[in-house]
Every structure is written in structure tokens, then in C-alpha cells.
Amino acid sequence: MGDRTTITILGNLSIRGRHRTEAAPSAPKEREVIALLLFNYARIVPVHQLIDELWPAEPPRRARTALQTYILNLRRRLAQGLHLPPDQVRNEVLVTRSEGYRFQLADCSFDLHEYLGLAGAGERAVADGDDAKAVELLRRAEKLWTGPVLPDIDHGLPLGSEITRLEQRRVATRELRIESELRLGRHRELVSELTMLVHQHPYHERFHEYLMFSLHRVDRRVEALEVFERLRHALLGELGLEPSERVQNLRRGILGSDEVALALT
């Protein structure tokens with residue numbers, strides 16, 4: 001890595017400069033500010049959005065002054081942790097711009113940007129029909145995650161919305177990669193992962209569908225049907241819904257060994 005700064009948010013927040021010195025703040029409010037700035041990397045975050053993040057219910061009368069103090073503290077922390085002159089941090093890294101603030105580093109390794117780049121490339125590979133390449137790219141993207149997004153930071157609505165959107169992207173990316181692996185015939189290899197995923201996402205029909213399909217393909221038909229029954233029980237009991245027609249068709253295909261119904265689309 002050398003002197004390159006490493007930023008991570010796909011897990012706990014970390015901003016590490018040369019000599020692996022930690023530059024992320026420890027104060028809760030300042031961590032919220034830097035997290036929202038990182039989600040909007042190189043873009044201006046308006047003051048009003050930061051105030052909404054820090055004080056969801058009702059901001060104090062001197063909210064802008066308090067926010068300015070947090071920004072000053074962040075600049076001081078970044079200058080120390082990244083071994084940069086304070087003027088450079090103020091003028092180039094954490095910059096005041098037109099009623100807002102922008103965070104940007106000239107040279108850094110940022111896990112969010114790397115993830116989005118790999119995920120996008122994987123999605124294009126799927127569109128091009130190259131499942132092997134898609135799996136390789138999407139697996140590399142998934143390995144960047146070390147846990148949930150920023151579990152060590154309190155958040156209001158703006159940051160919470162960003163986190164939710166990114167977590168949904170993570171699920172969608174994983175779903176796409178599993179589809180590619182199924183097309184490559186890796187049913188046996190996927191059973192363990194899919195079993196974990198249906199436990200983590202008890203209402204996610206696609207993960208249940210993929211597990212049913214994989215179990216059937218490795219001659220575990222009874223277990224595949226049990227997966228359907230657990231999904232149906234969860235959906236009916238909690239949401240009052242039946243599984244989708246797509247999943248029910250798969251169940252009928254397993255019961256009747258109907259190869260048409262068993263084809264994933």
C-alpha cells in the first residue's frame with residue numbers, strides 16, 4: 001500500500017494513512033458526518049442534509065455552529081492521521097463549497113468504489129452472457145465486505161437511506177452471481193451458501209428458489225420441498241402471503257419432475 005490512504009465502510013469505518021495510522025474520528029457525531037461525506041465521495045453534501053442527519057427530530061438553535069465545530073475537529077484529525085498539512089486538508093480534502101462540504105483524496109483505495117466498479121463489471125459480463133467472468137468479478141466484489149455497512153456508527157435518515165440502498169445492492173449482486181453459478185452447473189457447491197442465505201433472509205423468495213433448485217439437482221428432492229414449506233410458513237405467518245407463482249411452479253416441477261417447470265429463468 002505504501003503511503004496510499006485506505007478507506008473502508010463495507011464493515012466498520014476506517015481511514016488509514018501511511019504507517020497505518022487511523023484517521024477516522026472517535027466522536028459519534030463526527031463519525032456520522034464523515035460517513036455521510038464518504039457515501040457522497042467527491043460530491044457536495046449540503047449543510048441542511050448534514051443537520052438532518054445529526055439531529056433527526058429537532059436541531060438545536062446553533063446547529064450550524066455545532067456542525068462547523070465537527071468539521072474543524074475532523075480536519076484536525078485527518079491532518080494528524082494522514083500526516084498532511086492542515087491547509088491541504090482544508091483546501092483539498094475536506095472542503096467547504098457553496099453551502100456544503102465535500103470529501104475527496106487525490107490518491108486512495110476506497111472499498112466502496114472498488115466494490116461498485118467490480119459489481120458493475122460483473123453485471124455487464126452477465127449481460128454479455130459470460131457467466132464465468134461474471135462469477136469471478138462478483139466474487140471479488142463480495143470479498144471486499146467484512147460485515148454490515150458501518151455497524152459502529154449511529155445514523156439518521158440520510159445515512160440510513162444510503163446504508164439500506166447499499167445493503168440492497170449487495171443482496172442483488174449476490175443474487176446475480178448465484179444465478180450465473182447455477183447456469184454453470186455448480187449446484188452442489190452452492191447448497192451450503194444458499195442454506196445460510198435463506199436463514200439470513202427468511203422472506204427472500206429467490207434465495208429459497210435457488211436452494212430448492214440446487215437441492216433437486218443433487219437428488220435431494222425431499223429437502224427441496226421442505227425449503228418451500230418453510231418459506232410458505234414464514235410468508236403466511238408473518239405477511240399473510242403465499243409464495244409467488246414462480247416458486248410454486250418450481251415446487252410443482254420438483255413434484256412432477258417437469259423439466260420445463262424446473263428451468264430457471
# chains A, B, ... in the order shown; residues from 1 in each chain; ligands from 1
>>> select_by_dssp(residues="range 23-238 of chain A", states="helix (DSSP H, G or I)", output="number ranges by chain")
A: 28-39, 47-54, 63-82, 86-93, 111-127, 131-142, 157-183, 187-200, 205-217, 221-238
>>> residues_around(residues="range 139-145 of chain A", least_positions_apart="4", cutoff="10 Å", atoms="only C-alpha atoms", output="PyMOL selection string")
chain A and resi 8-12+111-112+114-122+133-135+149+170-171+173-174+177-178
>>> residues_around(residues="Gly81 in chain A", least_positions_apart="3", cutoff="12 Å", atoms="only C-alpha atoms", output="list of chain:residue names")
A:Asp3, A:Thr5, A:Thr6, A:Ser14, A:Ile15, A:Arg16, A:Gly17, A:Arg18, A:His19, A:Arg20, A:Thr21, A:Glu22, A:Ala23, A:Ala24, A:Pro25, A:Leu74, A:Arg75, A:Arg76, A:Arg77, A:Leu78, A:Leu84, A:Pro85, A:Pro86, A:Val89
>>> closest_residue(among="A:Arg165, A:His155, A:His204, A:Arg186", to="Ala132 in chain A", atoms="only C-alpha atoms")
A:Arg186
>>> residues_around(residues="Val45 in chain A", least_positions_apart="2", cutoff="8 Å", atoms="only C-alpha atoms", output="ChimeraX atom specification")
/A:36-37,40,43,47,49-50,100-102
>>> write_last_selection(atoms="N, CA and C atoms", output="short mmCIF file (atom, residue, chain, number, x, y, z; two decimals), in the first residue's frame")
data_model
loop_
_atom_site.label_atom_id
_atom_site.label_comp_id
_atom_site.auth_asym_id
_atom_site.auth_seq_id
_atom_site.Cartn_x
_atom_site.Cartn_y
_atom_site.Cartn_z
N LEU A 36 -21.35 10.17 6.07
CA LEU A 36 -22.22 10.72 5.04
C LEU A 36 -21.41 11.36 3.92
N LEU A 37 -20.31 12.00 4.28
CA LEU A 37 -19.43 12.57 3.27
C LEU A 37 -18.81 11.47 2.40
N ASN A 40 -21.01 10.14 -0.22
CA ASN A 40 -21.14 11.12 -1.30
C ASN A 40 -19.76 11.59 -1.76
N ARG A 43 -18.61 14.58 -3.95
CA ARG A 43 -19.80 15.39 -4.20
C ARG A 43 -20.10 16.26 -2.98
N VAL A 47 -25.37 21.56 3.80
CA VAL A 47 -25.41 21.73 5.25
C VAL A 47 -26.73 21.21 5.81
N GLN A 49 -28.62 18.85 4.82
CA GLN A 49 -28.66 17.38 4.88
C GLN A 49 -27.85 16.86 6.06
N LEU A 50 -26.71 17.47 6.32
CA LEU A 50 -25.90 17.07 7.46
C LEU A 50 -26.63 17.37 8.77
N GLY A 100 -22.16 23.77 1.68
CA GLY A 100 -21.99 22.35 1.96
C GLY A 100 -20.52 21.99 2.08
N TYR A 101 -20.26 20.68 2.18
CA TYR A 101 -18.89 20.19 2.34
C TYR A 101 -18.67 19.01 1.40
N ARG A 102 -17.41 18.86 0.99
CA ARG A 102 -17.03 17.78 0.09
C ARG A 102 -15.77 17.11 0.61
#
>>> closest_residue(among="A:Ile71, A:Ala234, A:Leu157, A:Leu137", to="Ala57 in chain A", atoms="only C-alpha atoms")
A:Leu157
>>> select_by_dssp(residues="range 58-214 of chain A", states="strand (DSSP E or B)", output="PyMOL selection string")
chain A and resi 94-97+100-103+108-110
>>> residues_around(residues="Glu229 in chain A", least_positions_apart="3", cutoff="12 Å", atoms="only C-alpha atoms", output="mmCIF file with N, CA and C atoms, in the first residue's frame")
data_model
loop_
_atom_site.group_PDB
_atom_site.id
_atom_site.type_symbol
_atom_site.label_atom_id
_atom_site.label_comp_id
_atom_site.auth_asym_id
_atom_site.auth_seq_id
_atom_site.Cartn_x
_atom_site.Cartn_y
_atom_site.Cartn_z
ATOM 1 N N PRO A 202 -35.274 -14.824 5.508
ATOM 2 C CA PRO A 202 -36.366 -15.809 5.506
ATOM 3 C C PRO A 202 -37.514 -15.506 4.549
ATOM 4 N N GLU A 205 -37.550 -14.747 -1.706
ATOM 5 C CA GLU A 205 -38.028 -15.893 -2.474
ATOM 6 C C GLU A 205 -36.974 -16.432 -3.440
ATOM 7 N N HIS A 208 -34.591 -18.805 -1.751
ATOM 8 C CA HIS A 208 -35.275 -20.081 -1.497
ATOM 9 C C HIS A 208 -35.427 -20.872 -2.800
ATOM 10 N N GLU A 209 -35.782 -20.163 -3.846
ATOM 11 C CA GLU A 209 -35.921 -20.818 -5.152
ATOM 12 C C GLU A 209 -34.612 -21.454 -5.589
ATOM 13 N N MET A 212 -33.939 -24.556 -3.498
ATOM 14 C CA MET A 212 -34.795 -25.662 -3.951
ATOM 15 C C MET A 212 -34.251 -26.274 -5.235
ATOM 16 N N VAL A 222 -36.621 -34.245 -1.367
ATOM 17 C CA VAL A 222 -37.420 -34.047 -0.151
ATOM 18 C C VAL A 222 -36.991 -32.766 0.562
ATOM 19 N N GLU A 223 -35.682 -32.550 0.656
ATOM 20 C CA GLU A 223 -35.186 -31.325 1.297
ATOM 21 C C GLU A 223 -35.586 -30.089 0.503
ATOM 22 N N ALA A 224 -35.608 -30.201 -0.813
ATOM 23 C CA ALA A 224 -36.028 -29.076 -1.646
ATOM 24 C C ALA A 224 -37.479 -28.700 -1.347
ATOM 25 N N LEU A 225 -38.330 -29.689 -1.188
ATOM 26 C CA LEU A 225 -39.739 -29.425 -0.882
ATOM 27 C C LEU A 225 -39.894 -28.870 0.535
ATOM 28 N N GLU A 226 -39.044 -29.292 1.439
ATOM 29 C CA GLU A 226 -39.086 -28.748 2.805
ATOM 30 C C GLU A 226 -38.722 -27.264 2.814
ATOM 31 N N ARG A 232 -43.180 -20.917 2.734
ATOM 32 C CA ARG A 232 -44.634 -20.691 2.753
ATOM 33 C C ARG A 232 -45.116 -20.392 4.171
ATOM 34 N N HIS A 233 -44.609 -21.139 5.133
ATOM 35 C CA HIS A 233 -44.991 -20.927 6.536
ATOM 36 C C HIS A 233 -44.585 -19.522 6.989
ATOM 37 N N ALA A 234 -43.383 -19.096 6.625
ATOM 38 C CA ALA A 234 -42.903 -17.767 7.034
ATOM 39 C C ALA A 234 -43.739 -16.666 6.385
ATOM 40 N N LEU A 235 -43.996 -16.789 5.096
ATOM 41 C CA LEU A 235 -44.745 -15.747 4.389
ATOM 42 C C LEU A 235 -46.182 -15.657 4.879
ATOM 43 N N LEU A 236 -46.813 -16.812 5.052
ATOM 44 C CA LEU A 236 -48.203 -16.808 5.534
ATOM 45 C C LEU A 236 -48.293 -16.318 6.971
ATOM 46 N N GLY A 237 -47.382 -16.803 7.802
ATOM 47 C CA GLY A 237 -47.452 -16.462 9.220
ATOM 48 C C GLY A 237 -47.158 -15.004 9.506
ATOM 49 N N GLU A 242 -48.923 -15.903 0.067
ATOM 50 C CA GLU A 242 -48.447 -17.168 -0.475
ATOM 51 C C GLU A 242 -47.167 -16.913 -1.264
ATOM 52 N N PRO A 243 -46.308 -17.927 -1.417
ATOM 53 C CA PRO A 243 -45.148 -17.767 -2.296
ATOM 54 C C PRO A 243 -45.580 -17.398 -3.712
ATOM 55 N N VAL A 247 -42.201 -19.508 -7.678
ATOM 56 C CA VAL A 247 -41.711 -20.504 -6.728
ATOM 57 C C VAL A 247 -42.659 -21.699 -6.662
ATOM 58 N N GLN A 248 -43.950 -21.438 -6.760
ATOM 59 C CA GLN A 248 -44.911 -22.541 -6.745
ATOM 60 C C GLN A 248 -44.759 -23.412 -7.993
ATOM 61 N N ARG A 251 -41.923 -25.721 -7.341
ATOM 62 C CA ARG A 251 -42.356 -26.821 -6.469
ATOM 63 C C ARG A 251 -43.106 -27.887 -7.268
#
>>> decode(residues="range 32-47 of chain A", atoms="all heavy atoms", output="tab-separated table (two decimals), in the first residue's frame")
chain	number	residue	atom	x	y	z
A	32	GLU	N	-20.62	10.27	12.17
A	32	GLU	CA	-21.78	10.40	11.28
A	32	GLU	C	-21.48	11.32	10.11
A	32	GLU	O	-21.83	11.03	8.96
A	32	GLU	CB	-22.99	10.93	12.04
A	32	GLU	CG	-23.75	9.91	12.84
A	32	GLU	CD	-25.03	10.48	13.40
A	32	GLU	OE1	-26.02	10.60	12.64
A	32	GLU	OE2	-25.06	10.82	14.60
A	33	VAL	N	-20.85	12.45	10.41
A	33	VAL	CA	-20.54	13.43	9.37
A	33	VAL	C	-19.62	12.83	8.33
A	33	VAL	O	-19.89	12.90	7.11
A	33	VAL	CB	-19.91	14.71	9.97
A	33	VAL	CG1	-19.38	15.62	8.86
A	33	VAL	CG2	-20.93	15.47	10.82
A	34	ILE	N	-18.52	12.22	8.75
A	34	ILE	CA	-17.56	11.69	7.79
A	34	ILE	C	-18.17	10.53	7.00
A	34	ILE	O	-17.90	10.36	5.80
A	34	ILE	CB	-16.24	11.27	8.47
A	34	ILE	CG1	-15.12	11.08	7.43
A	34	ILE	CG2	-16.41	10.02	9.30
A	34	ILE	CD1	-14.73	12.33	6.71
A	35	ALA	N	-19.04	9.73	7.64
A	35	ALA	CA	-19.67	8.62	6.93
A	35	ALA	C	-20.57	9.13	5.81
A	35	ALA	O	-20.54	8.60	4.68
A	35	ALA	CB	-20.49	7.77	7.90
A	36	LEU	N	-21.35	10.17	6.07
A	36	LEU	CA	-22.22	10.72	5.04
A	36	LEU	C	-21.41	11.36	3.92
A	36	LEU	O	-21.75	11.24	2.73
A	36	LEU	CB	-23.19	11.73	5.65
A	36	LEU	CG	-24.36	12.17	4.76
A	36	LEU	CD1	-25.17	10.98	4.27
A	36	LEU	CD2	-25.27	13.15	5.52
A	37	LEU	N	-20.31	12.00	4.28
A	37	LEU	CA	-19.43	12.57	3.27
A	37	LEU	C	-18.81	11.47	2.40
A	37	LEU	O	-18.66	11.63	1.19
A	37	LEU	CB	-18.33	13.40	3.93
A	37	LEU	CG	-18.77	14.71	4.57
A	37	LEU	CD1	-17.63	15.30	5.40
A	37	LEU	CD2	-19.23	15.72	3.52
A	38	LEU	N	-18.45	10.34	3.01
A	38	LEU	CA	-17.85	9.25	2.25
A	38	LEU	C	-18.85	8.61	1.29
A	38	LEU	O	-18.49	8.22	0.17
A	38	LEU	CB	-17.28	8.19	3.20
A	38	LEU	CG	-16.00	8.60	3.94
A	38	LEU	CD1	-15.65	7.56	4.99
A	38	LEU	CD2	-14.84	8.78	2.96
A	39	PHE	N	-20.08	8.48	1.71
A	39	PHE	CA	-21.10	7.94	0.81
A	39	PHE	C	-21.30	8.86	-0.41
A	39	PHE	O	-21.72	8.40	-1.47
A	39	PHE	CB	-22.43	7.76	1.53
A	39	PHE	CG	-22.65	6.37	2.04
A	39	PHE	CD1	-22.52	6.07	3.38
A	39	PHE	CD2	-22.98	5.34	1.18
A	39	PHE	CE1	-22.71	4.78	3.86
A	39	PHE	CE2	-23.18	4.05	1.64
A	39	PHE	CZ	-23.04	3.78	2.98
A	40	ASN	N	-21.01	10.14	-0.22
A	40	ASN	CA	-21.14	11.12	-1.30
A	40	ASN	C	-19.76	11.59	-1.76
A	40	ASN	O	-19.57	12.75	-2.10
A	40	ASN	CB	-21.97	12.31	-0.82
A	40	ASN	CG	-23.41	11.94	-0.55
A	40	ASN	OD1	-24.24	11.93	-1.45
A	40	ASN	ND2	-23.71	11.59	0.69
A	41	TYR	N	-18.82	10.68	-1.77
A	41	TYR	CA	-17.43	10.99	-2.06
A	41	TYR	C	-17.31	11.85	-3.32
A	41	TYR	O	-17.88	11.55	-4.37
A	41	TYR	CB	-16.66	9.69	-2.27
A	41	TYR	CG	-15.18	9.86	-2.46
A	41	TYR	CD1	-14.31	9.88	-1.38
A	41	TYR	CD2	-14.64	10.00	-3.74
A	41	TYR	CE1	-12.95	10.03	-1.56
A	41	TYR	CE2	-13.28	10.15	-3.93
A	41	TYR	CZ	-12.43	10.18	-2.83
A	41	TYR	OH	-11.09	10.34	-3.02
A	42	ALA	N	-16.55	12.97	-3.19
A	42	ALA	CA	-16.28	13.91	-4.29
A	42	ALA	C	-17.52	14.71	-4.69
A	42	ALA	O	-17.47	15.45	-5.67
A	42	ALA	CB	-15.69	13.21	-5.50
A	43	ARG	N	-18.61	14.58	-3.95
A	43	ARG	CA	-19.80	15.39	-4.20
A	43	ARG	C	-20.10	16.26	-2.98
A	43	ARG	O	-19.79	15.88	-1.84
A	43	ARG	CB	-21.02	14.51	-4.51
A	43	ARG	CG	-20.86	13.62	-5.72
A	43	ARG	CD	-22.19	13.01	-6.13
A	43	ARG	NE	-22.78	12.21	-5.07
A	43	ARG	CZ	-22.56	10.92	-4.87
A	43	ARG	NH1	-21.70	10.28	-5.66
A	43	ARG	NH2	-23.15	10.26	-3.90
A	44	ILE	N	-20.73	17.38	-3.20
A	44	ILE	CA	-21.05	18.29	-2.10
A	44	ILE	C	-22.26	17.76	-1.33
A	44	ILE	O	-23.29	17.41	-1.92
A	44	ILE	CB	-21.35	19.70	-2.64
A	44	ILE	CG1	-20.10	20.30	-3.29
A	44	ILE	CG2	-21.84	20.62	-1.52
A	44	ILE	CD1	-20.36	21.56	-4.07
A	45	VAL	N	-22.12	17.70	-0.01
A	45	VAL	CA	-23.24	17.36	0.87
A	45	VAL	C	-23.74	18.67	1.48
A	45	VAL	O	-22.99	19.33	2.20
A	45	VAL	CB	-22.82	16.37	1.97
A	45	VAL	CG1	-24.02	16.05	2.86
A	45	VAL	CG2	-22.25	15.10	1.36
A	46	PRO	N	-24.98	19.07	1.21
A	46	PRO	CA	-25.47	20.35	1.73
A	46	PRO	C	-25.52	20.37	3.25
A	46	PRO	O	-25.72	19.33	3.90
A	46	PRO	CB	-26.89	20.44	1.13
A	46	PRO	CG	-26.91	19.49	-0.01
A	46	PRO	CD	-25.96	18.38	0.35
A	47	VAL	N	-25.37	21.56	3.80
A	47	VAL	CA	-25.41	21.73	5.25
A	47	VAL	C	-26.73	21.21	5.81
A	47	VAL	O	-26.76	20.53	6.84
A	47	VAL	CB	-25.21	23.21	5.61
A	47	VAL	CG1	-25.57	23.47	7.08
A	47	VAL	CG2	-23.76	23.63	5.35
